[in-house]
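This is run34.cif (mmCIF, C-alpha atoms and all ligand atoms).
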data_final
#
loop_
_atom_site.label_atom_id
_atom_site.label_comp_id
_atom_site.auth_asym_id
_atom_site.auth_seq_id
_atom_site.Cartn_x
_atom_site.Cartn_y
_atom_site.Cartn_z
CA MET O 190 0.00 0.00 0.00
CA HIS O 191 1.10 3.53 -0.72
CA PHE O 192 0.55 6.18 1.92
CA ILE O 193 -0.62 8.47 -0.87
CA GLN O 194 -3.61 6.21 -1.44
CA ASN O 195 -6.81 8.33 -1.23
CA LYS O 196 -4.79 11.51 -0.76
CA HIS O 197 -5.91 14.60 -2.70
CA LEU O 198 -3.04 16.11 -4.61
CA VAL O 199 -2.74 19.14 -6.87
CA LEU O 200 -0.08 18.44 -9.49
CA GLY O 201 1.21 21.78 -10.76
CA ILE O 202 3.12 21.71 -14.04
CA THR O 203 5.23 24.66 -15.15
CA GLY O 204 7.07 25.46 -18.37
CA GLY O 205 10.11 23.25 -18.75
CA ILE O 206 11.25 20.39 -20.96
CA ALA O 207 10.72 17.97 -18.06
CA ALA O 208 6.96 18.57 -18.37
CA TYR O 209 6.90 15.38 -20.45
CA LYS O 210 7.94 13.45 -17.32
CA ALA O 211 4.90 14.85 -15.50
CA ALA O 212 2.68 12.56 -17.59
CA GLU O 213 4.45 9.47 -16.26
CA LEU O 214 4.45 10.90 -12.73
CA LEU O 215 0.70 11.51 -12.97
CA ARG O 216 0.16 7.94 -14.16
CA LEU O 217 2.12 6.56 -11.20
CA LEU O 218 0.33 8.78 -8.67
CA VAL O 219 -3.08 7.70 -9.99
CA LYS O 220 -2.00 4.05 -10.03
CA ALA O 221 -0.92 4.39 -6.38
CA GLY O 222 -4.44 5.51 -5.52
CA ALA O 223 -4.04 9.29 -5.25
CA ASP O 224 -6.78 11.65 -6.40
CA VAL O 225 -4.92 14.15 -8.59
CA GLN O 226 -6.07 17.53 -9.89
CA VAL O 227 -3.74 18.91 -12.55
CA VAL O 228 -3.12 22.65 -12.87
CA MET O 229 -0.80 23.94 -15.60
CA THR O 230 0.82 27.28 -16.37
CA ALA O 231 0.40 28.74 -19.84
CA ALA O 232 4.07 27.97 -20.53
CA ALA O 233 3.60 24.31 -19.48
CA CYS O 234 0.99 23.95 -22.24
CA GLN O 235 3.74 24.72 -24.79
CA PHE O 236 5.50 21.51 -23.70
CA ILE O 237 2.70 19.01 -23.07
CA THR O 238 -1.01 19.26 -23.81
CA PRO O 239 -3.69 19.46 -21.13
CA VAL O 240 -5.49 16.73 -23.11
CA THR O 241 -2.83 14.20 -22.10
CA MET O 242 -3.03 15.21 -18.47
CA GLN O 243 -6.84 15.18 -18.52
CA ALA O 244 -6.85 11.67 -19.97
CA LEU O 245 -4.40 10.40 -17.35
CA SER O 246 -6.07 12.08 -14.35
CA GLY O 247 -9.64 11.59 -15.52
CA LYS O 248 -10.43 15.24 -14.71
CA PRO O 249 -10.43 18.55 -16.55
CA VAL O 250 -7.13 20.39 -16.27
CA PHE O 251 -7.20 23.99 -14.98
CA ILE O 252 -5.00 26.68 -16.49
CA GLU O 253 -6.96 29.93 -16.32
CA MET O 254 -7.65 32.00 -13.27
CA TRP O 255 -10.83 33.34 -14.88
CA ASP O 256 -12.55 29.97 -15.22
CA SER O 257 -16.32 30.12 -14.86
CA SER O 258 -16.72 26.34 -14.62
CA ILE O 259 -15.80 26.39 -10.91
CA SER O 260 -19.11 26.82 -9.08
CA ASN O 261 -18.05 29.60 -6.72
CA GLY O 262 -15.96 31.30 -9.39
CA MET O 263 -12.84 31.09 -7.20
CA PRO O 264 -10.65 28.29 -8.57
CA HIS O 265 -7.58 29.68 -6.75
CA ILE O 266 -9.20 28.73 -3.46
CA GLU O 267 -11.49 25.91 -4.45
CA LEU O 268 -8.88 23.71 -6.14
CA SER O 269 -6.55 23.49 -3.16
CA ARG O 270 -9.24 23.47 -0.48
CA ARG O 271 -9.37 19.66 -0.32
CA ALA O 272 -5.69 19.16 -1.19
CA ASP O 273 -3.42 17.24 1.15
CA ALA O 274 -0.42 18.64 -0.75
CA ILE O 275 0.52 20.60 -3.87
CA LEU O 276 3.31 19.01 -5.91
CA LEU O 277 5.07 21.18 -8.49
CA ALA O 278 6.78 18.98 -11.07
CA PRO O 279 8.52 20.31 -12.99
CA ALA O 280 9.09 23.61 -11.19
CA SER O 281 10.75 26.17 -13.47
CA ALA O 282 13.32 28.67 -12.23
CA ASP O 283 10.85 31.40 -13.09
CA PHE O 284 8.06 29.82 -11.05
CA MET O 285 10.27 29.34 -8.00
CA ALA O 286 11.24 33.02 -8.19
CA LYS O 287 7.53 33.83 -8.16
CA LEU O 288 6.95 31.62 -5.11
CA VAL O 289 9.73 33.39 -3.23
CA GLN O 290 8.16 36.77 -3.92
CA GLY O 291 4.65 35.58 -3.12
CA ARG O 292 3.43 36.62 -6.55
CA ALA O 293 0.04 35.48 -7.77
CA ASP O 294 -0.39 36.45 -11.40
CA ASP O 295 -1.71 33.12 -12.72
CA LEU O 296 -3.84 30.29 -11.38
CA LEU O 297 -1.03 28.01 -10.20
CA SER O 298 0.94 30.70 -8.35
CA THR O 299 -2.27 31.99 -6.78
CA LEU O 300 -3.16 28.45 -5.64
CA CYS O 301 0.29 28.11 -4.05
CA LEU O 302 -0.09 31.43 -2.24
CA ALA O 303 -3.62 30.67 -1.05
CA ARG O 304 -2.87 27.11 0.04
CA ASP O 305 -3.30 25.61 3.47
CA CYS O 306 -1.30 22.41 2.82
CA PRO O 307 2.34 21.37 2.27
CA LEU O 308 4.05 22.39 -0.98
CA LEU O 309 6.52 19.97 -2.59
CA VAL O 310 8.69 21.39 -5.36
CA ALA O 311 10.68 19.38 -7.93
CA PRO O 312 13.00 21.83 -9.73
CA ALA O 313 13.95 21.17 -13.35
CA MET O 314 16.25 23.34 -15.36
CA ASN O 315 19.56 23.51 -17.13
CA LYS O 316 22.78 23.42 -15.13
CA GLN O 317 23.55 27.15 -15.50
CA MET O 318 20.05 28.16 -14.49
CA TRP O 319 20.30 25.93 -11.41
CA GLU O 320 23.76 27.21 -10.43
CA ASN O 321 22.82 30.85 -10.92
CA PRO O 322 23.09 32.65 -7.56
CA ALA O 323 19.55 33.96 -8.03
CA THR O 324 18.16 30.42 -8.24
CA GLN O 325 20.26 29.25 -5.30
CA ARG O 326 19.05 32.22 -3.26
CA ASN O 327 15.48 31.33 -4.16
CA ILE O 328 15.92 27.66 -3.24
CA ASN O 329 17.32 28.61 0.16
CA GLN O 330 14.42 30.99 0.74
CA LEU O 331 11.87 28.32 -0.25
CA LYS O 332 13.47 25.88 2.20
CA ALA O 333 13.41 28.56 4.91
CA ASP O 334 9.71 29.06 4.15
CA GLY O 335 9.10 25.37 4.94
CA ILE O 336 8.72 24.21 1.35
CA SER O 337 10.10 20.74 0.54
CA ILE O 338 12.52 20.63 -2.37
CA LEU O 339 12.64 17.26 -4.16
CA GLY O 340 15.90 16.92 -6.10
CA PRO O 341 17.10 18.01 -8.54
CA ASP O 342 19.02 15.14 -10.09
CA SER O 343 22.27 15.33 -11.98
CA GLY O 344 23.03 13.82 -15.35
CA GLU O 345 22.52 14.46 -19.03
CA GLN O 346 20.24 17.41 -19.78
CA ALA O 347 17.95 18.21 -22.69
CA CYS O 348 20.32 21.02 -23.71
CA GLY O 349 23.15 18.48 -24.05
CA GLU O 350 25.04 19.53 -20.93
CA ILE O 351 25.79 17.27 -18.00
CA GLY O 352 25.24 18.48 -14.45
CA LEU O 353 22.81 19.20 -11.65
CA GLY O 354 19.36 20.53 -12.49
CA ARG O 355 17.34 17.83 -14.23
CA MET O 356 14.10 16.73 -12.64
CA LEU O 357 14.09 13.50 -10.64
CA GLU O 358 12.57 10.56 -12.48
CA ALA O 359 8.88 9.90 -11.91
CA GLU O 360 9.55 6.77 -9.83
CA ALA O 361 11.83 8.71 -7.48
CA LEU O 362 9.30 11.52 -7.12
CA LEU O 363 6.57 9.00 -6.34
CA ALA O 364 8.78 7.52 -3.60
CA LEU O 365 9.46 10.97 -2.12
CA VAL O 366 5.81 11.99 -2.13
CA ASN O 367 4.95 8.66 -0.51
CA ALA O 368 7.66 9.29 2.11
CA HIS O 369 6.14 12.70 2.78
CA PHE O 370 2.86 11.05 3.78
CA THR O 371 4.41 8.15 5.74
CA PRO O 372 3.82 8.42 9.52
CA LYS O 373 7.18 9.08 11.19
CA LEU O 374 6.98 6.09 13.55
CA LEU O 375 10.78 5.68 13.63
CA ALA O 376 11.80 9.34 13.89
CA GLY O 377 15.10 9.71 15.73
CA LYS O 378 15.90 5.98 15.48
CA ARG O 379 19.00 4.51 13.85
CA VAL O 380 18.40 1.33 11.92
CA LEU O 381 21.00 -1.03 10.46
CA ILE O 382 19.75 -3.50 7.86
CA THR O 383 21.54 -6.25 5.97
CA ALA O 384 20.16 -7.37 2.62
CA GLY O 385 20.85 -9.57 -0.37
CA ALA O 386 22.94 -12.65 -1.01
CA THR O 387 26.57 -13.13 -0.05
CA LEU O 388 29.22 -14.22 -2.55
CA GLU O 389 31.92 -16.60 -1.34
CA MET O 390 34.63 -16.63 -3.99
CA LEU O 391 36.14 -20.00 -4.96
CA ASP O 392 38.61 -18.50 -7.41
CA PRO O 393 38.81 -15.11 -9.20
CA VAL O 394 35.77 -15.86 -11.39
CA ARG O 395 33.57 -18.33 -9.49
CA ALA O 396 31.55 -17.97 -6.34
CA MET O 397 29.10 -19.77 -4.05
CA THR O 398 25.95 -17.73 -3.57
CA ASN O 399 22.18 -18.10 -3.12
CA LEU O 400 18.95 -16.88 -4.69
CA SER O 401 18.24 -13.95 -2.37
CA SER O 402 17.40 -10.88 -4.51
CA GLY O 403 17.73 -8.29 -1.73
CA LYS O 404 14.22 -6.97 -2.49
CA MET O 405 12.87 -7.59 1.04
CA GLY O 406 15.77 -5.88 2.80
CA TYR O 407 15.76 -2.96 0.37
CA ALA O 408 12.00 -2.52 0.88
CA ILE O 409 12.51 -2.44 4.66
CA ALA O 410 15.31 0.11 4.25
CA GLN O 411 13.06 2.32 2.10
CA VAL O 412 10.10 2.18 4.49
CA ALA O 413 12.31 2.71 7.58
CA ALA O 414 13.77 5.85 5.96
CA ASP O 415 10.27 7.01 5.00
CA MET O 416 9.25 6.48 8.64
CA GLY O 417 11.94 8.96 9.69
CA ALA O 418 14.77 6.58 10.71
CA GLU O 419 18.45 7.11 9.90
CA VAL O 420 19.08 3.98 7.86
CA THR O 421 22.32 2.19 7.03
CA LEU O 422 22.00 -0.68 4.57
CA VAL O 423 24.77 -3.27 4.43
CA SER O 424 24.17 -4.83 1.06
CA GLY O 425 25.37 -8.10 -0.40
CA ALA O 426 25.23 -8.94 -4.09
CA THR O 427 22.23 -7.33 -5.76
CA THR O 428 21.54 -5.03 -8.69
CA LEU O 429 18.88 -2.99 -6.88
CA ASN O 430 19.05 0.81 -6.65
CA THR O 431 19.85 2.29 -3.24
CA PRO O 432 16.61 3.53 -1.67
CA ILE O 433 16.32 7.31 -1.37
CA GLY O 434 17.67 8.69 1.90
CA VAL O 435 19.52 5.47 2.81
CA THR O 436 23.29 5.08 3.34
CA LYS O 437 24.51 1.93 1.60
CA ILE O 438 27.67 -0.03 2.40
CA LYS O 439 28.57 -2.75 -0.05
CA ALA O 440 29.77 -6.00 1.57
CA GLU O 441 29.64 -9.05 -0.63
CA SER O 442 31.20 -11.89 1.38
CA ALA O 443 29.95 -13.05 4.78
CA ASN O 444 33.19 -11.84 6.37
CA ALA O 445 32.91 -8.42 4.73
CA MET O 446 29.30 -8.20 5.90
CA TYR O 447 30.34 -9.14 9.44
CA ASP O 448 33.01 -6.40 9.45
CA ALA O 449 30.60 -3.79 8.02
CA VAL O 450 27.92 -4.62 10.60
CA MET O 451 30.28 -4.74 13.57
CA SER O 452 31.94 -1.43 12.71
CA ASN O 453 28.54 0.30 12.43
CA ILE O 454 26.51 -1.38 15.18
CA ILE O 455 27.35 0.98 18.03
CA GLN O 456 24.56 3.52 18.60
CA GLN O 457 22.10 1.62 16.42
CA ASP O 458 18.63 1.30 17.92
CA ILE O 459 17.44 -1.47 15.64
CA PHE O 460 19.23 -4.22 13.70
CA ILE O 461 17.31 -6.12 11.03
CA ALA O 462 19.20 -9.06 9.52
CA VAL O 463 17.54 -9.79 6.18
CA ALA O 464 20.62 -10.81 4.16
CA ALA O 465 20.96 -14.45 3.19
CA VAL O 466 24.44 -14.88 4.63
CA ALA O 467 26.32 -18.02 3.59
CA ASP O 468 26.73 -20.44 6.50
CA TYR O 469 30.01 -21.69 4.99
CA ARG O 470 32.86 -20.37 2.85
CA PRO O 471 35.70 -22.17 1.08
CA VAL O 472 38.69 -22.76 3.35
CA THR O 473 40.94 -21.45 0.61
CA GLN O 474 40.18 -19.04 -2.19
CA GLN O 475 42.29 -20.02 -5.21
CA SER O 476 44.27 -17.13 -6.67
CA GLU O 477 44.04 -18.61 -10.18
CA LYS O 478 41.03 -20.05 -12.02
CA ILE O 479 40.46 -23.70 -11.00
CA LYS O 480 41.23 -26.04 -13.94
CA LYS O 481 39.07 -29.05 -14.85
CA ASN O 482 41.91 -31.56 -14.46
CA SER O 483 40.05 -34.22 -12.52
CA SER O 484 36.65 -35.89 -12.85
CA THR O 485 35.57 -34.83 -9.35
CA LEU O 486 36.43 -31.82 -7.27
CA SER O 487 36.08 -31.43 -3.51
CA ILE O 488 35.92 -28.04 -1.91
CA GLU O 489 36.45 -27.88 1.82
CA LEU O 490 34.22 -25.40 3.60
CA THR O 491 34.44 -23.69 6.95
CA ARG O 492 31.71 -22.08 9.04
CA ASN O 493 31.07 -18.34 8.77
CA LYS O 494 30.32 -16.25 11.84
CA ASP O 495 26.68 -15.83 12.81
CA ILE O 496 26.31 -12.05 12.51
CA LEU O 497 22.85 -11.84 14.04
CA ALA O 498 23.70 -14.04 17.03
CA GLU O 499 26.80 -11.95 17.74
CA VAL O 500 24.94 -8.65 17.51
CA ALA O 501 22.12 -9.97 19.71
CA SER O 502 24.61 -11.02 22.40
CA LEU O 503 26.40 -7.63 22.55
CA PRO O 504 26.19 -5.97 26.00
CA ASN O 505 24.06 -3.04 24.70
CA ALA O 506 22.44 -4.93 21.85
CA PRO O 507 20.02 -3.01 19.62
CA PHE O 508 16.48 -4.33 19.13
CA CYS O 509 17.23 -7.32 16.88
CA VAL O 510 14.99 -8.71 14.15
CA GLY O 511 15.93 -11.92 12.35
CA PHE O 512 14.65 -13.45 9.13
CA ALA O 513 14.34 -17.21 8.91
CA ALA O 514 13.82 -18.63 5.44
CA GLU O 515 13.03 -22.33 5.73
CA THR O 516 11.87 -24.93 3.25
CA GLU O 517 9.98 -27.04 5.82
CA ASN O 518 8.61 -26.91 9.41
CA LEU O 519 8.73 -23.14 9.08
CA LEU O 520 7.27 -21.94 12.37
CA GLU O 521 8.95 -24.65 14.42
CA TYR O 522 12.45 -23.94 13.05
CA ALA O 523 11.99 -20.16 13.04
CA GLY O 524 10.64 -20.17 16.61
CA ALA O 525 13.58 -22.28 17.79
CA LYS O 526 16.03 -19.90 16.07
CA ARG O 527 14.39 -16.90 17.74
CA LYS O 528 14.81 -18.47 21.16
CA ALA O 529 18.35 -19.73 20.54
CA LYS O 530 19.52 -16.28 19.41
CA LYS O 531 17.40 -14.52 22.09
CA LEU O 532 15.71 -12.24 19.56
CA PRO O 533 12.62 -10.18 20.39
CA LEU O 534 11.29 -10.69 16.87
CA MET O 535 11.77 -13.24 14.09
CA VAL O 536 10.22 -13.09 10.62
CA ALA O 537 9.51 -16.54 9.22
CA ASN O 538 9.07 -17.07 5.49
CA LEU O 539 9.03 -20.07 3.18
CA ALA O 540 12.32 -19.89 1.27
CA GLY O 541 11.14 -21.24 -2.06
CA GLU O 542 8.26 -18.77 -2.42
CA ALA O 543 9.93 -15.57 -1.32
CA LEU O 544 13.34 -15.62 -3.01
CA GLY O 545 13.41 -13.23 -5.95
CA SER O 546 9.66 -12.60 -5.85
CA ASP O 547 8.09 -9.14 -5.48
CA GLU O 548 5.73 -10.54 -2.86
CA ASN O 549 6.23 -12.26 0.44
CA ASN O 550 4.13 -14.30 2.83
CA VAL O 551 5.55 -14.06 6.35
CA THR O 552 4.69 -14.74 9.96
CA LEU O 553 6.03 -12.52 12.73
CA LEU O 554 7.11 -14.45 15.82
CA ASP O 555 7.55 -12.66 19.13
CA GLU O 556 7.10 -13.51 22.79
CA ASN O 557 3.33 -13.20 22.38
CA GLY O 558 3.24 -15.88 19.69
CA ALA O 559 2.76 -15.98 15.93
CA HIS O 560 1.29 -13.10 13.90
CA PRO O 561 0.68 -14.25 10.32
CA LEU O 562 0.58 -11.47 7.71
CA GLU O 563 -1.32 -11.81 4.45
CA ARG O 564 0.66 -12.44 1.29
CA ALA O 565 1.51 -8.95 0.00
CA PRO O 566 4.07 -6.95 -2.00
CA LYS O 567 7.37 -6.73 -0.12
CA ILE O 568 6.98 -2.97 0.41
CA GLU O 569 3.69 -3.63 2.22
CA VAL O 570 5.23 -6.47 4.28
CA ALA O 571 8.03 -4.02 5.21
CA ARG O 572 5.47 -1.45 6.36
CA LEU O 573 3.59 -3.97 8.54
CA LEU O 574 6.83 -5.35 9.98
CA LEU O 575 8.15 -1.89 10.89
CA GLN O 576 4.81 -0.89 12.40
CA HIS O 577 5.07 -4.02 14.56
CA VAL O 578 8.65 -3.13 15.52
CA ALA O 579 7.63 0.46 16.38
CA GLY O 580 4.82 -0.94 18.52
CA MET O 581 7.22 -3.27 20.36
CA LEU O 582 9.70 -0.43 20.99
C1 LIG W 1 12.39 25.16 -25.19
C2 LIG W 1 12.40 25.76 -23.83
C3 LIG W 1 12.75 24.99 -22.76
C4 LIG W 1 12.74 25.50 -21.46
N1 LIG W 1 13.08 24.69 -20.43
C5 LIG W 1 13.10 25.19 -19.17
C6 LIG W 1 13.44 24.37 -18.09
O1 LIG W 1 13.74 23.17 -18.22
N2 LIG W 1 13.46 24.91 -16.85
C7 LIG W 1 13.13 26.21 -16.62
O2 LIG W 1 13.18 26.63 -15.47
N3 LIG W 1 12.79 27.00 -17.64
C8 LIG W 1 12.75 26.54 -18.92
N4 LIG W 1 12.40 27.35 -19.97
C9 LIG W 1 11.97 28.74 -19.68
C10 LIG W 1 10.56 28.81 -19.15
O3 LIG W 1 9.67 28.13 -20.02
C11 LIG W 1 10.14 30.26 -18.95
O4 LIG W 1 10.90 30.81 -17.89
C12 LIG W 1 8.67 30.40 -18.66
O5 LIG W 1 8.40 31.79 -18.45
C13 LIG W 1 8.24 29.62 -17.44
O6 LIG W 1 6.89 29.89 -17.18
P1 LIG W 1 6.14 29.30 -15.93
O7 LIG W 1 7.08 29.34 -14.80
O8 LIG W 1 4.96 30.18 -15.74
O9 LIG W 1 5.70 27.94 -16.29
C14 LIG W 1 12.39 26.85 -21.26
C15 LIG W 1 12.02 27.63 -22.35
C16 LIG W 1 12.02 27.09 -23.61
C17 LIG W 1 11.62 27.96 -24.78
#
Let me see whether you can do it: turn the structure in this file into structure tokens.
Amino acid sequence: MHFIQNKHLVLGITGGIAAYKAAELLRLLVKAGADVQVVMTAAACQFITPVTMQALSGKPVFIEMWDSSISNGMPHIELSRRADAILLAPASADFMAKLVQGRADDLLSTLCLARDCPLLVAPAMNKQMWENPATQRNINQLKADGISILGPDSGEQACGEIGLGRMLEAEALLALVNAHFTPKLLAGKRVLITAGATLEMLDPVRAMTNLSSGKMGYAIAQVAADMGAEVTLVSGATTLNTPIGVTKIKAESANAMYDAVMSNIIQQDIFIAVAAVADYRPVTQQSEKIKKNSSTLSIELTRNKDILAEVASLPNAPFCVGFAAETENLLEYAGAKRKAKKLPLMVANLAGEALGSDENNVTLLDENGAHPLERAPKIEVARLLLQHVAGML
């Protein structure tokens, strides 16, 4: 579930090349369950047509201040009256200058001035416009006025230059708007999460690994950050993008993961061990590629350290959450692991079903017993898990 579900948003579009990305953003917001009213500046209509935005939002788009179709004749007040937030994407340099001055010479700027809800601004412009001291002054003033600035991103720009100023991608903006509406249940908490599979190298090109995708741990990291926590993610092998607002430390072998966790564990309030850490590693890692000289090959393995058990037994241990992926006797094995490692909370899931999937079906085990959650997307499982953790804290 998205926290923007059933929220009323005004999506304000101003005149910039990135207006084309507003169509995709609108589609994602509507798909996530938001009720979106689009308002465009006259300049925005030079870049993308209101027809597109009307089709995607299912509502007429407003552009003119002098619009008689609004029943009380006051669109500048009526359109934002029910809004939970106004999102400007893209926000032109010109429009931000207007916001700073409190000008109200078109419908969108008047709506922003007359609003009684948060304003989220996603700047989009060329590198020079962004770096101009006037724009930087305006950004600082907008922040001081309590306006949230989303981005901008850096990279290749429509003008051919490379640098800071381009609008964040629609997916990233959706995540930030969702974070804005997420209850801050973990504000002030520090959370360390491990995620993904470990790689135990046999030789320079071969490794022992497992099928963990990292999706569950990354989802937990994203939701924990959205809930206001300071999140550090120790990540094994995965190709996933780092969630917004999360500090990632790459650690691919079990030993590297152990070192990364142990050197960051002090002052953490919560430790959530989601990574599928190899129980064993090869005794020796060959420096050259192993040749196929014999018909059989034996590889001697040695036990890796149990990161979670060690963290849980620290003198000032954080609140520890374990994940137990089992292929059989799930609750029995997971419950026994919880007790053996003295964890307040264990998440039990069937290994075969969850690995790599976008959904998960888990049971939370704590001292009060088993709390089965319905099968759901991993982001939703993460939300329910962290709500449970916040409740236990
Ligand atoms: C082709 C073209 C592209 C433009 N792209 C941007 C842009 O990406 N960002 C920006 O701040 N201004 C851009 N501008 C300038 C704005 O469109 C101009 O400042 C306009 O007055 C903004 O109006 P508005 O803020 O009312 O929407 C562009 C202008 C043109 C002609």
Practice prompt. Compute the set of protein, DNA and RNA residues whose minimum atom distance to ligand LIG 1 (chain W) is at most 8 Å, using all atoms listed in the file, and state it as a list in words.
Written response: Ile202, Thr203, Gly204, Gly205, Ile206, Ala207, Met229, Thr230, Ala231, Ala232, Ala233, Phe236, Pro279, Ala280, Ser281, Ala282, Asp283, Phe284, Met285, Asp295, Pro312, Ala313, Met314, Asn315, Met318, Ala347 and Arg355 of chain O
Write a file of the just-selected residues containing C-alpha atoms, as a PDB file, keeping the file's coordinate frame.
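What follows is the written file selection-v3.pdb:
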ATOM      1  CA  ILE O 202       3.120  21.710 -14.040  1.00  0.00           C
ATOM      2  CA  THR O 203       5.230  24.660 -15.150  1.00  0.00           C
ATOM      3  CA  GLY O 204       7.070  25.460 -18.370  1.00  0.00           C
ATOM      4  CA  GLY O 205      10.110  23.250 -18.750  1.00  0.00           C
ATOM      5  CA  ILE O 206      11.250  20.390 -20.960  1.00  0.00           C
ATOM      6  CA  ALA O 207      10.720  17.970 -18.060  1.00  0.00           C
ATOM      7  CA  MET O 229      -0.800  23.940 -15.600  1.00  0.00           C
ATOM      8  CA  THR O 230       0.820  27.280 -16.370  1.00  0.00           C
ATOM      9  CA  ALA O 231       0.400  28.740 -19.840  1.00  0.00           C
ATOM     10  CA  ALA O 232       4.070  27.970 -20.530  1.00  0.00           C
ATOM     11  CA  ALA O 233       3.600  24.310 -19.480  1.00  0.00           C
ATOM     12  CA  PHE O 236       5.500  21.510 -23.700  1.00  0.00           C
ATOM     13  CA  PRO O 279       8.520  20.310 -12.990  1.00  0.00           C
ATOM     14  CA  ALA O 280       9.090  23.610 -11.190  1.00  0.00           C
ATOM     15  CA  SER O 281      10.750  26.170 -13.470  1.00  0.00           C
ATOM     16  CA  ALA O 282      13.320  28.670 -12.230  1.00  0.00           C
ATOM     17  CA  ASP O 283      10.850  31.400 -13.090  1.00  0.00           C
ATOM     18  CA  PHE O 284       8.060  29.820 -11.050  1.00  0.00           C
ATOM     19  CA  MET O 285      10.270  29.340  -8.000  1.00  0.00           C
ATOM     20  CA  ASP O 295      -1.710  33.120 -12.720  1.00  0.00           C
ATOM     21  CA  PRO O 312      13.000  21.830  -9.730  1.00  0.00           C
ATOM     22  CA  ALA O 313      13.950  21.170 -13.350  1.00  0.00           C
ATOM     23  CA  MET O 314      16.250  23.340 -15.360  1.00  0.00           C
ATOM     24  CA  ASN O 315      19.560  23.510 -17.130  1.00  0.00           C
ATOM     25  CA  MET O 318      20.050  28.160 -14.490  1.00  0.00           C
ATOM     26  CA  ALA O 347      17.950  18.210 -22.690  1.00  0.00           C
ATOM     27  CA  ARG O 355      17.340  17.830 -14.230  1.00  0.00           C
TER      28      ARG O 355
END
Worksheet entry | Using all atoms listed in the file: which of O:Ala244, O:Val394, O:Val420, O:Leu214 has the shortest distance to Leu357 (chain O) |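 That would be O:Leu214, the residue with the smallest distance to Leu357 (chain O).
As for CA of Ala440 (chain O) and CA of Val423 (chain O), they are spaced 6.4 Å apart.
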Worksheet item: At most 6 Å from (1.0, 18.1, 0.6), file frame, only C-alpha atoms: which residues, as a ChimeraX atom specification?
Response: /O:273-275,306-308
Fill in: Exercise: region 296-298 of chain O partners within 10 Å, all atoms listed in the file, chain neighbours under 6 positions left out, as a ChimeraX atom specification
/O:199-203,227-231,251-256,263-266,268,275,277,284-285,287-288,304
How about completing region 457-469 of chain O with N, CA and C atoms and giving it to me as a JSON list (two decimals), keeping the file's coordinate frame?
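out03.json, written as the output of this step:
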[["chain", "number", "residue", "atom", "x", "y", "z"],
["O", 457, "GLN", "N", 23.31, 1.96, 17.18],
["O", 457, "GLN", "CA", 22.10, 1.62, 16.42],
["O", 457, "GLN", "C", 21.00, 1.26, 17.41],
["O", 458, "ASP", "N", 19.78, 1.65, 17.07],
["O", 458, "ASP", "CA", 18.63, 1.30, 17.92],
["O", 458, "ASP", "C", 18.01, -0.01, 17.49],
["O", 459, "ILE", "N", 18.10, -0.29, 16.18],
["O", 459, "ILE", "CA", 17.44, -1.47, 15.64],
["O", 459, "ILE", "C", 18.38, -2.14, 14.64],
["O", 460, "PHE", "N", 18.45, -3.46, 14.70],
["O", 460, "PHE", "CA", 19.23, -4.22, 13.70],
["O", 460, "PHE", "C", 18.30, -5.24, 13.05],
["O", 461, "ILE", "N", 18.19, -5.18, 11.74],
["O", 461, "ILE", "CA", 17.31, -6.12, 11.03],
["O", 461, "ILE", "C", 18.16, -6.91, 10.05],
["O", 462, "ALA", "N", 18.31, -8.21, 10.33],
["O", 462, "ALA", "CA", 19.20, -9.06, 9.52],
["O", 462, "ALA", "C", 18.37, -9.78, 8.47],
["O", 463, "VAL", "N", 18.34, -9.20, 7.26],
["O", 463, "VAL", "CA", 17.54, -9.79, 6.18],
["O", 463, "VAL", "C", 18.43, -10.54, 5.19],
["O", 464, "ALA", "N", 19.72, -10.20, 5.16],
["O", 464, "ALA", "CA", 20.62, -10.81, 4.16],
["O", 464, "ALA", "C", 20.66, -12.33, 4.31],
["O", 465, "ALA", "N", 20.77, -12.99, 3.18],
["O", 465, "ALA", "CA", 20.96, -14.45, 3.19],
["O", 465, "ALA", "C", 22.46, -14.69, 3.23],
["O", 466, "VAL", "N", 22.99, -14.76, 4.45],
["O", 466, "VAL", "CA", 24.44, -14.88, 4.63],
["O", 466, "VAL", "C", 24.83, -16.35, 4.53],
["O", 467, "ALA", "N", 25.86, -16.62, 3.74],
["O", 467, "ALA", "CA", 26.32, -18.02, 3.59],
["O", 467, "ALA", "C", 26.73, -18.58, 4.95],
["O", 468, "ASP", "N", 26.31, -19.80, 5.24],
["O", 468, "ASP", "CA", 26.73, -20.44, 6.50],
["O", 468, "ASP", "C", 28.19, -20.86, 6.42],
["O", 469, "TYR", "N", 28.64, -21.19, 5.19],
["O", 469, "TYR", "CA", 30.01, -21.69, 4.99],
["O", 469, "TYR", "C", 30.71, -20.93, 3.89]]
